[in-house]
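Structure record follows, encoded as structure tokens.
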Amino acid sequence: MADQPKRTFVFDFDSTLTQVEAFEELAEISLKNDPDREKKIRRIAEITDQGVDGDITFTESLMMRLKILEAREEHLDLLVKRLNRKISTSIARNKEFFKQYAADIYIVSCGFKEFIDPIMAKYGIPPERIFANTFRFDRKGHIVGFDRDNDLAKPDGKIEQLRKMDLPGEIHVIGDGFSDYQMRAAGIAHKFYAFTENVSRSNILDKADHVTPSLDEFLYKNKLPGAISFPKNRIKVLLLENIHPDAEAMLRDEGYTVETAPKALNEDELVKAIKGVHVLGIRSKTKVTAKAIAAADKLMAVGAFCIGTNQIDLDACTKAGVAVFNAPFSNTRSVVELVIGEMIMLMRGTVAKSNAMHVGKWDKSASDSNEIRGKKLGIIGYGNIGSQLSVLAEGLGMTVYYYDVEEKLALGNARKMASLKDLLRRCDVVTLHVDGRAENKGIIGDREFKMMKDGAVFINLSRGHVVDIAALRKHLGSGKLRGAAVDVFPKEPGSNSDPFESPLIGMPNVILTPHVGGSTIEAQENIASYVPESLVSYINTGNTNNSVNLPQVRSTEMKGAHRLLHIHANVPGILARINSIFSKYDINILGQSLKTNETIGYLVTDIDKKYNKDVMRELKEIGHTVKLRVLY
Ligand code: NAD
């Protein structure tokens with residue numbers, strides 16, 4: 001760049017340009033058939049760390065390791081092959097940078113030219129700009145030592161080496177070890193970047209001018225051309241409400257910067273906390289209001305680590321082009337298992353028998369006690385839960401009937417019923433799995449209970465308002481129903497400290513559970529992996545397939561393309577305007593996908609040419625543009 005001073009970049013090799021320490025790899029090769037191999041490799045790693053951390057002199061560490069290694073010349077070819085496969089991910093990604101800036105790049109390493117030179121040749125760095133040690137071999141090709149006159153074989157060798165090189169311009173050192181920092185401390189280098197992609201050494205982090213978790217960050221910070229538009233470590237994720245640690249780990253592993261807080265935030269707290277945040281993770285307690293969304297300056301996505309999204313102002317998110325993701329199906333299996341368990345308990349009268357025993361009554365009899373095998377199960381609502389229950393219930397030998405207001409494909413041998421009435425009249429067990437739409441209020445009341453078979457079992461783990469509880473009590477009391485299991489209620493306590501009230505309390509053969517149908521450790525774990533996967537897929541590829549509010553575009557990894565993500569108000573003519581800009585700049589479109597909903601349109605375009613600032617400016621200036629993001 002014209003306005004930048006001349007800069008020279010000095011890279012370390014081991015654990016910076018490669019993911020590993022070369023000597024440990026060499027040991028894997030040279031000690032392949034040694035019975036003490038594992039022990040020796042561990043010892044080499046220890047000595048390497050002691051040397052890198054400055055606990056022993058480098059010369060000592062080198063001698064000690066070479067002795068253990070017993071390596072030969074022929075091992076070096078294999079080593080180069082192995083190291084080529086273990087180039088640091090962000091280095092490999094940015095090969096172009098090395099080629100383009102080769103004249104300004106030097107490697108100063110306490111490793112060995114015998115393996116560094118061939119590896120870096122592929123990155124356009126010639127041997128004369130690689131400063132490292134050289135091996136000494138005996139006549140049989142055994143590595144027996146190294147050139148002791150080389151500065152890099154001596155204590156503080158990098159300082160001396162760099163001093164002699166007398167490089168032009170500002171010298172920027174990028175490395176993971178103490179010896180890299182020492183060049184800056186000695187005043188010969190101008191900046192030291194602690195490279196932490198492979199190892200993070202605490203003794204250099206606070207001394208570094210900048211900690212760079214990848215080369216992408218280094219390039220971004222220094223306004224150098226990079227392979228990706230925005231370093232992942234700059235994506236800030238805020239996870240509230242004690243979200244499962246697996247989710248945090250997944251997002252960290254992806255390279256994002258994650259902050260966590262144990263509690264829910266109120267609106268004012270969220271308005272403050274949301275500034276600078278790209279991804280917000282909540283559970284059910286934090287309300288994401290329009291005011292919070294308006295205060296968000298960077299927000300791309302909200303992850304609801306739960307089933308529902310009532311706590312989020314979806315309209316406000318949609319208008320602001322913020323994608324919302326949740327985990328609607330993560331607890332399906334948990335609900336199904338509880339229904340099956342309850343069916344069995346109710347058909348056997350187990351609850352009444354257990355209650356009697358707790359007050360000292362022994363009532364051993366087989367009357368009113370049935371297997372579920374061969375019984376008719378009626379499922380009302382054949383969605384995610386209903387249909388999965390259908391499969392498992394058949395596995396237990398039940399005959400399954402279902403009724404749904406929508407056309408649903410029957411799984412296994414399940415039979416579709418033309419009306420609710422048909423289902424109610426036919427089944428021994430009736431279970432509700434409808435959704436919470438307002439029209440479903442009271443769909444099961446006095447009339448429907450009367451239609452059921454005498455001695456039927458009734459189960460509701462769907463929504464509280466769909467059943468008339470007074471009618472249920474009446475038909476349980478009269479003996480029309482043999483028993484019931486209820487997990488959801490028209491009025492549920494706001495918290496565990498509020499009392500539970502219901503006309504069903506105290507009724508025999510009625511299982512009451514506090515809305516825990518989907519509450520299992522497994523469901524929590526499913527949520528903790530499902531939501532981060534959706535978030536990562538959206539951030540990295542623009543995929544909105546699982547989004548609650550953005551139009552759904554299923555986009556995959558990009559190959560050799562730049563991807564532009566354009567979110568706009570859904571008004572006519574936007575696509576034409578965008579494409580006219582591409583054609584004006586002679587940009588070839590490789591793939592394009594537009595999806596709209598009532599409020600917004602989401603356009604994903606893959607292009608084959610490097611866009612420039614003018615293209616971006618013009619795209620942003622199109623009226624009704626909500627957000628524009630580039631991935632490359
Ligand atoms: P879903 O949306 O996949 O399925 C609901 C099905 O019900 C749909 O096929 C729909 O067409 C059908 N339906 C709606 N109204 C109907 C009616 N009046 N008659 C017949 N069919 C009707 O939902 P899902 O994921 O299977 O969940 C089902 C219910 O379970 C939801 O109400 C959900 O809130 C509830 N749920 C409860 C718990 C719990 O802890 N107890 C956990 C998870 C889900």
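Here's how to read the names in the structure tokens: chain A, B, ... by the order shown, residue numbers from 1 in each chain, ligand numbers from 1 in the order shown.
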
List as a PyMOL selection string the protein and nucleic acid residues near Ser367 (chain A), meaning an atom at most 12 Å away when only C-alpha atoms are counted, but skip any in the same chain fewer than 5 places from it.
chain A and resi 347-350+353

Looking only at the backbone, which of the residues in region 290-334 of chain A does DSSP tag as alpha helix (DSSP H), as an NGL selection string?
:A and (290-295 or 314-319 or 332-334)

Expected answer as a PyMOL selection string: residues within 7 Å of ligand 1, only C-alpha atoms and all ligand atoms
chain A and resi 328-329+331-332+335+380-386+403-406+433-437+440+443+461-463+487-488+515-519

Please produce an output containing N, CA and C atoms for each residue in the selection, written as a short mmCIF file (atom, residue, chain, number, x, y, z; two decimals), in the first residue's frame.
```cif
data_model
loop_
_atom_site.label_atom_id
_atom_site.label_comp_id
_atom_site.auth_asym_id
_atom_site.auth_seq_id
_atom_site.Cartn_x
_atom_site.Cartn_y
_atom_site.Cartn_z
N PRO A 328 -35.63 -26.43 17.45
CA PRO A 328 -37.01 -26.86 17.64
C PRO A 328 -37.20 -28.37 17.83
N PHE A 329 -36.28 -29.17 17.36
CA PHE A 329 -36.53 -30.63 17.41
C PHE A 329 -35.61 -31.37 18.37
N ASN A 331 -35.59 -31.91 21.45
CA ASN A 331 -36.10 -32.70 22.58
C ASN A 331 -37.22 -33.65 22.17
N THR A 332 -37.38 -33.84 20.87
CA THR A 332 -38.45 -34.71 20.36
C THR A 332 -38.41 -36.10 21.00
N VAL A 335 -39.57 -36.33 24.66
CA VAL A 335 -41.02 -36.31 24.85
C VAL A 335 -41.59 -37.69 24.53
N ILE A 380 -52.89 -37.57 18.00
CA ILE A 380 -53.50 -36.37 17.41
C ILE A 380 -52.37 -35.35 17.20
N GLY A 381 -52.09 -35.03 15.96
CA GLY A 381 -50.95 -34.16 15.62
C GLY A 381 -49.78 -35.04 15.25
N TYR A 382 -49.56 -35.20 13.94
CA TYR A 382 -48.53 -36.15 13.46
C TYR A 382 -47.31 -35.37 12.98
N GLY A 383 -46.82 -34.48 13.86
CA GLY A 383 -45.64 -33.68 13.50
C GLY A 383 -44.38 -34.41 13.92
N ASN A 384 -43.40 -33.64 14.38
CA ASN A 384 -42.12 -34.24 14.76
C ASN A 384 -42.27 -35.27 15.86
N ILE A 385 -43.02 -34.88 16.89
CA ILE A 385 -43.15 -35.77 18.04
C ILE A 385 -44.12 -36.90 17.72
N GLY A 386 -45.29 -36.53 17.20
CA GLY A 386 -46.31 -37.54 16.90
C GLY A 386 -45.78 -38.63 15.99
N TYR A 403 -54.35 -38.60 13.48
CA TYR A 403 -55.16 -37.58 12.83
C TYR A 403 -54.37 -36.28 12.83
N ASP A 404 -54.31 -35.64 11.68
CA ASP A 404 -53.61 -34.36 11.58
C ASP A 404 -54.43 -33.45 10.66
N VAL A 405 -54.40 -32.15 10.94
CA VAL A 405 -55.15 -31.22 10.08
C VAL A 405 -54.46 -31.05 8.74
N GLU A 406 -53.17 -31.38 8.70
CA GLU A 406 -52.45 -31.29 7.42
C GLU A 406 -52.23 -32.69 6.85
N HIS A 433 -50.43 -34.29 20.36
CA HIS A 433 -49.14 -33.70 19.98
C HIS A 433 -49.32 -32.58 18.95
N VAL A 434 -50.38 -31.79 19.17
CA VAL A 434 -50.66 -30.68 18.25
C VAL A 434 -49.80 -29.48 18.63
N ASP A 435 -49.70 -28.52 17.73
CA ASP A 435 -48.95 -27.31 18.05
C ASP A 435 -49.84 -26.32 18.79
N GLY A 436 -49.25 -25.19 19.14
CA GLY A 436 -49.94 -24.27 20.05
C GLY A 436 -50.78 -23.19 19.38
N ARG A 437 -51.17 -23.39 18.13
CA ARG A 437 -51.96 -22.34 17.45
C ARG A 437 -53.24 -22.06 18.24
N ASN A 440 -56.47 -24.11 18.47
CA ASN A 440 -56.45 -25.40 19.16
C ASN A 440 -56.94 -25.33 20.60
N ILE A 443 -59.61 -28.08 22.09
CA ILE A 443 -60.04 -29.06 21.06
C ILE A 443 -60.45 -30.39 21.69
N LEU A 461 -48.99 -34.03 26.35
CA LEU A 461 -47.68 -33.42 26.60
C LEU A 461 -47.44 -32.31 25.56
N SER A 462 -48.57 -31.78 24.99
CA SER A 462 -48.38 -30.77 23.94
C SER A 462 -48.51 -29.35 24.50
N ARG A 463 -49.72 -28.86 24.62
CA ARG A 463 -49.93 -27.52 25.14
C ARG A 463 -51.07 -27.54 26.15
N ASP A 487 -48.67 -33.07 31.28
CA ASP A 487 -47.37 -32.42 31.51
C ASP A 487 -47.48 -30.90 31.32
N VAL A 488 -48.57 -30.48 30.66
CA VAL A 488 -48.72 -29.05 30.31
C VAL A 488 -50.10 -28.58 30.77
N HIS A 515 -44.19 -29.87 33.21
CA HIS A 515 -43.74 -29.44 31.88
C HIS A 515 -42.27 -29.84 31.63
N VAL A 516 -42.03 -31.13 31.83
CA VAL A 516 -40.65 -31.63 31.68
C VAL A 516 -40.53 -32.66 30.55
N GLY A 517 -41.57 -32.71 29.71
CA GLY A 517 -41.55 -33.70 28.62
C GLY A 517 -40.26 -33.68 27.83
N GLY A 518 -39.77 -32.48 27.59
CA GLY A 518 -38.56 -32.36 26.76
C GLY A 518 -37.31 -32.07 27.56
N SER A 519 -37.44 -32.12 28.89
CA SER A 519 -36.30 -31.68 29.72
C SER A 519 -35.42 -32.85 30.11
#
```

Which residues are near Leu280 (chain A)? Cut-off 9 Å, only C-alpha atoms, ignore same chain within fewer than 6 positions. Put them as a list in words.
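Residues meeting the cut-off are Lys236, Val237, Leu238, Leu239, Leu240, Ile274, Leu299, Met300, Ala301, Val302, Gly303 and Ala304 of chain A.
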
Write out, as a PDB file, in the first residue's frame, the residues just selected, with C-alpha atoms.
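Saved result, out_4.pdb, follows:
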```pdb
ATOM      1  CA  LYS A 236     -17.543 -11.702  18.995  1.00  0.00           C
ATOM      2  CA  VAL A 237     -20.019 -14.110  20.543  1.00  0.00           C
ATOM      3  CA  LEU A 238     -21.845 -13.344  23.781  1.00  0.00           C
ATOM      4  CA  LEU A 239     -23.483 -16.324  25.476  1.00  0.00           C
ATOM      5  CA  LEU A 240     -25.859 -15.561  28.345  1.00  0.00           C
ATOM      6  CA  ILE A 274     -25.026  -6.082  22.759  1.00  0.00           C
ATOM      7  CA  LEU A 299     -25.343  -8.170  15.340  1.00  0.00           C
ATOM      8  CA  MET A 300     -25.622 -10.858  12.625  1.00  0.00           C
ATOM      9  CA  ALA A 301     -27.426 -13.626  14.460  1.00  0.00           C
ATOM     10  CA  VAL A 302     -29.218 -14.617  17.637  1.00  0.00           C
ATOM     11  CA  GLY A 303     -29.037 -18.220  18.834  1.00  0.00           C
ATOM     12  CA  ALA A 304     -31.934 -19.264  21.054  1.00  0.00           C
TER      13      ALA A 304
END
```

Nearby residues (only C-alpha atoms) at most 10 Å from Pro127 (chain A), same-chain spacing under 5 positions excluded, as an NGL selection string
:A and (106-107 or 113 or 116-118 or 120-121 or 132)

Residues within 12 Å of Pro5 (chain A), only C-alpha atoms, excluding chain neighbours under 5 positions, as an mmCIF file with N, CA and C atoms, in the first residue's frame:
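File written: result29.cif
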```cif
data_model
loop_
_atom_site.group_PDB
_atom_site.id
_atom_site.type_symbol
_atom_site.label_atom_id
_atom_site.label_comp_id
_atom_site.auth_asym_id
_atom_site.auth_seq_id
_atom_site.Cartn_x
_atom_site.Cartn_y
_atom_site.Cartn_z
ATOM 1 N N PRO A 168 15.649 -3.814 5.944
ATOM 2 C CA PRO A 168 15.118 -2.464 5.739
ATOM 3 C C PRO A 168 13.711 -2.308 6.347
ATOM 4 N N GLY A 169 13.319 -1.085 6.599
ATOM 5 C CA GLY A 169 11.939 -0.742 7.001
ATOM 6 C C GLY A 169 11.594 -1.206 8.402
ATOM 7 N N GLU A 170 10.316 -1.203 8.650
ATOM 8 C CA GLU A 170 9.808 -1.664 9.954
ATOM 9 C C GLU A 170 9.865 -3.181 9.979
ATOM 10 N N ILE A 171 10.419 -3.743 11.035
ATOM 11 C CA ILE A 171 10.531 -5.207 11.079
ATOM 12 C C ILE A 171 9.435 -5.776 11.983
ATOM 13 N N HIS A 172 8.597 -6.623 11.370
ATOM 14 C CA HIS A 172 7.497 -7.255 12.105
ATOM 15 C C HIS A 172 7.827 -8.730 12.278
ATOM 16 N N ASN A 222 -2.860 -5.531 9.678
ATOM 17 C CA ASN A 222 -1.861 -4.753 8.937
ATOM 18 C C ASN A 222 -2.322 -4.344 7.538
#
```

Counting only C-alpha atoms, what is within 6 Å of region 445-458 of chain A, bar same-chain residues fewer than 5 positions away, as a list in words?
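So, after excluding close chain neighbours, the residues are Leu424, Arg425, Asp428, Val429, Val430, Thr431, Asp468, Ala471, Lys480, Leu481, Arg482, Gly483 and Ala484 of chain A.
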
Would you save the residues of that selection, restricted to N, CA and C atoms, as a PDB file, in the first residue's frame?
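The file below, again_12.pdb, is the result:
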```pdb
ATOM      1  N   LEU A 424     -60.920 -40.886  17.982  1.00  0.00           N
ATOM      2  CA  LEU A 424     -61.307 -40.968  19.395  1.00  0.00           C
ATOM      3  C   LEU A 424     -62.115 -42.238  19.677  1.00  0.00           C
ATOM      4  N   ARG A 425     -62.985 -42.601  18.743  1.00  0.00           N
ATOM      5  CA  ARG A 425     -63.881 -43.759  18.946  1.00  0.00           C
ATOM      6  C   ARG A 425     -63.117 -45.073  18.943  1.00  0.00           C
ATOM      7  N   ASP A 428     -57.424 -47.072  22.277  1.00  0.00           N
ATOM      8  CA  ASP A 428     -57.320 -47.375  23.712  1.00  0.00           C
ATOM      9  C   ASP A 428     -56.506 -46.307  24.428  1.00  0.00           C
ATOM     10  N   VAL A 429     -55.555 -45.736  23.705  1.00  0.00           N
ATOM     11  CA  VAL A 429     -54.736 -44.658  24.278  1.00  0.00           C
ATOM     12  C   VAL A 429     -54.813 -43.484  23.304  1.00  0.00           C
ATOM     13  N   VAL A 430     -55.145 -42.301  23.820  1.00  0.00           N
ATOM     14  CA  VAL A 430     -55.207 -41.112  22.962  1.00  0.00           C
ATOM     15  C   VAL A 430     -54.152 -40.124  23.459  1.00  0.00           C
ATOM     16  N   THR A 431     -53.281 -39.700  22.563  1.00  0.00           N
ATOM     17  CA  THR A 431     -52.210 -38.791  22.988  1.00  0.00           C
ATOM     18  C   THR A 431     -52.159 -37.574  22.069  1.00  0.00           C
ATOM     19  N   ASP A 468     -59.744 -29.118  27.939  1.00  0.00           N
ATOM     20  CA  ASP A 468     -60.623 -28.569  28.974  1.00  0.00           C
ATOM     21  C   ASP A 468     -60.401 -29.416  30.235  1.00  0.00           C
ATOM     22  N   ALA A 471     -63.422 -30.811  32.215  1.00  0.00           N
ATOM     23  CA  ALA A 471     -64.025 -31.978  31.545  1.00  0.00           C
ATOM     24  C   ALA A 471     -63.162 -33.219  31.771  1.00  0.00           C
ATOM     25  N   LYS A 480     -64.936 -43.072  33.188  1.00  0.00           N
ATOM     26  CA  LYS A 480     -64.932 -43.181  31.721  1.00  0.00           C
ATOM     27  C   LYS A 480     -63.495 -43.348  31.215  1.00  0.00           C
ATOM     28  N   LEU A 481     -62.601 -42.542  31.809  1.00  0.00           N
ATOM     29  CA  LEU A 481     -61.178 -42.680  31.476  1.00  0.00           C
ATOM     30  C   LEU A 481     -60.507 -43.498  32.572  1.00  0.00           C
ATOM     31  N   ARG A 482     -59.623 -44.373  32.161  1.00  0.00           N
ATOM     32  CA  ARG A 482     -58.901 -45.218  33.122  1.00  0.00           C
ATOM     33  C   ARG A 482     -57.791 -44.426  33.819  1.00  0.00           C
ATOM     34  N   GLY A 483     -57.215 -43.498  33.088  1.00  0.00           N
ATOM     35  CA  GLY A 483     -56.134 -42.709  33.688  1.00  0.00           C
ATOM     36  C   GLY A 483     -55.660 -41.647  32.709  1.00  0.00           C
ATOM     37  N   ALA A 484     -54.796 -40.758  33.191  1.00  0.00           N
ATOM     38  CA  ALA A 484     -54.293 -39.685  32.318  1.00  0.00           C
ATOM     39  C   ALA A 484     -52.888 -39.290  32.749  1.00  0.00           C
TER      40      ALA A 484
END
```

With distances taken over only C-alpha atoms, which of A:Met183, A:Ile130, A:Ala227, A:Ile340 is nearest to Val108 (chain A)?
A:Ile130

Determine, counting only C-alpha atoms, which protein, DNA and RNA residues have an atom within 12 Å of an atom of Leu162 (chain A); residues of the same chain fewer than 5 positions away are not included. Present the result as a count of residues only.
31

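Closest approach to Gln592 (chain A) among A:His562, A:His465, A:Lys263, A:Lys613: A:His562, based on only C-alpha atoms.
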
Strand (DSSP E or B) call set, DSSP backbone run, region 24-146 of chain A, as a ChimeraX atom specification:
/A:72,87,105-112,130-133,135-137,142-146
